[in-house]
Protein chains: 4
Amino acid sequence: MSDIKDLQKKVVAFRDERDWKQFHNPKDSAISLALEAAEVLEHFQWKSPEEMQEHVVKNKVDVSEELADVLYWILLMCNDLDIDISEAFLLKLKKNAKKYPVEKAKGNHKKYTEL
Amino acid sequence: MSDIKDLQKKVVAFRDERDWKQFHNPKDSAISLALEAAEVLEHFQWKSPEEMQEHVVKNKVDVSEELADVLYWILLMCNDLDIDISEAFLLKLKKNAKKYPVEKAKGNHKKYTEL
Amino acid sequence: MSDIKDLQKKVVAFRDERDWKQFHNPKDSAISLALEAAEVLEHFQWKSPEEMQEHVVKNKVDVSEELADVLYWILLMCNDLDIDISEAFLLKLKKNAKKYPVEKAKGNHKKYTEL
Amino acid sequence: MSDIKDLQKKVVAFRDERDWKQFHNPKDSAISLALEAAEVLEHFQWKSPEEMQEHVVKNKVDVSEELADVLYWILLMCNDLDIDISEAFLLKLKKNAKKYPVEKAKGNHKKYTEL
């Protein structure tokens with residue numbers, strides 16, 4: 001299963017079985033999103049490129065779980081805010097493609113305001 | 001298009017057309033993930049439940065774009081770290097279902113260590 | 001002891017006794033700063049105003065330690081970047097006072113761009 | 001002026017003149033703390049050690065202001081939660097000194113659980 005709508009249905013069902021929607025609001029959900037992203041970041045803190053590579057090999061399940069936790073909150077928030085995340089994602093990618101046209105951005109990591 | 005693998009292919013193609021992989025490493029990608037999550041959170045700061053609802057109605061495109069940006073980094077990181085995010089997500093959901101069994105967790109927002 | 005320069009000397013001495021300066025760079029120090037701030041935030045997640053008050057009473061030492069950890073990184077970063085944080089703080093407060101003049105901002109929580 | 005109590009009095013006076021205490025609660029204050037820390041981090045994202053050094057030279061006032069903003073929220077939160085931050089800081093430093101004894105931690109950046 002890899003359709004984002006199916007994954008979203010799963011997480012909404014998980015929550016609704018536990019009757020947790022009553023606790024969820026955008027502010028606290030967004031705090032969760034930020035805290036889970038911080039847990040991803042924690043894995044790479046203080047590490048050199050070589051140490052990161054070694055760390056990921058040894059801790060792949062842990063890192064995967066932290067990334068899954070971030071996705072969990074994206075899918076719940078999008079459900080609650082009535083946002084179609086696939087559509088939003090494709091639209092944002094189109095917008096980015098205009099901000100960073102291939103001919104200017106190729107091999108160049110400047111911010112679009114400095115291109 | 002809403003299959004997560006198709007979305008991921010799109011973002012990897014976007015990056016590769018710009019030859020940006022050379023700049024990407026897990027630490028800086030995870031920083032981006034955390035900073036984009038902070039931008040989602042910024043939308044709800046200082047707002048009461050009523051103000052949040054009004055804010056989302058008025059700023060739905062903006063909020064959608066910030067959430068899309070978080071998804072962007074999840075998909076790129078999972079590609080670079082060779083993580084199957086759909087699989088990781090479904091496994092984590094199963095693990096959470098064990099940590100929070102319906103009969104104990106229903107209507108109860110305590111952490112699993114306190115259930 | 002409450003002079004910020006004395007506190008800063010203490011933390012620099014703590015680091016130098018352990019010969020840790022070799023590991024410190026602005027990016028990883030700023031990651032630490034952000035992760036410690038996330039730990040402060042974690043204390044208040046999902047809590048109502050009443051639950052927050054109760055939580056702080058019961059966990060005052062823990063919350064204090066998290067806030068101390070944030071200060072630790074501010075003081076080390078300012079040392080390493082040769083920033084006089086007291087001076088920077090007083091200058092920023094003056095700048096904020098201009099952005100939010102009392103007569104406009106009193107009892108009004110709008111962002112300065114909307115005042 | 002560099003006594004932390006004097007800086008704290010300044011920021012509390014700044015807030016009280018604007019009658020903003022009514023809007024402040026630990027959750028939103030901690031969100032502000034985390035968002036300001038994210039703004040510090042943003043300065044160093046994607047940068048090599050050489051680029052960081054150059055960036056700091058060119059943007060010292062900006063970086064100083066972001067660090068001052070983090071301190072602003074520490075001082076306000078400690079005021080509101082009745083925490084003596086200097087005392088908390090010195091106690092935490094003592095605790096860290098026990099967790100990381102010089103003879104074990106010298107030149108060694110492992111987490112205390114792995115020393």
# chains A, B, ... in the order shown; residues from 1 in each chain; ligands from 1
call {"tool": "select_by_dssp", "arguments": {"residues": "chain B", "states": "alpha helix (DSSP H)", "output": "JSON, numbers by chain"}}
result
{"B": [4, 5, 6, 7, 8, 9, 10, 11, 12, 13, 14, 15, 16, 17, 26, 27, 28, 29, 30, 31, 32, 33, 34, 35, 36, 37, 38, 39, 40, 41, 42, 49, 50, 51, 52, 53, 54, 55, 56, 57, 58, 60, 61, 62, 63, 64, 65, 66, 67, 68, 69, 70, 71, 72, 73, 74, 75, 76, 77, 78, 79, 80, 85, 86, 87, 88, 89, 90, 91, 92, 93, 94, 95, 96, 97, 98, 99, 102, 103, 104, 105]}
call {"tool": "interface_residues", "arguments": {"of": "chain B", "to": "chain A", "cutoff": "8 Å", "atoms": "only C-alpha atoms", "output": "PyMOL selection string"}}
result
chain B and resi 1-5+7+11+14+17-20+23+25-27+30-31+33-34+37-38+40-41+44-45+49+52+56+60+64-65+67-72+74+78+81+83+85-90+92-93+97+102+105-109
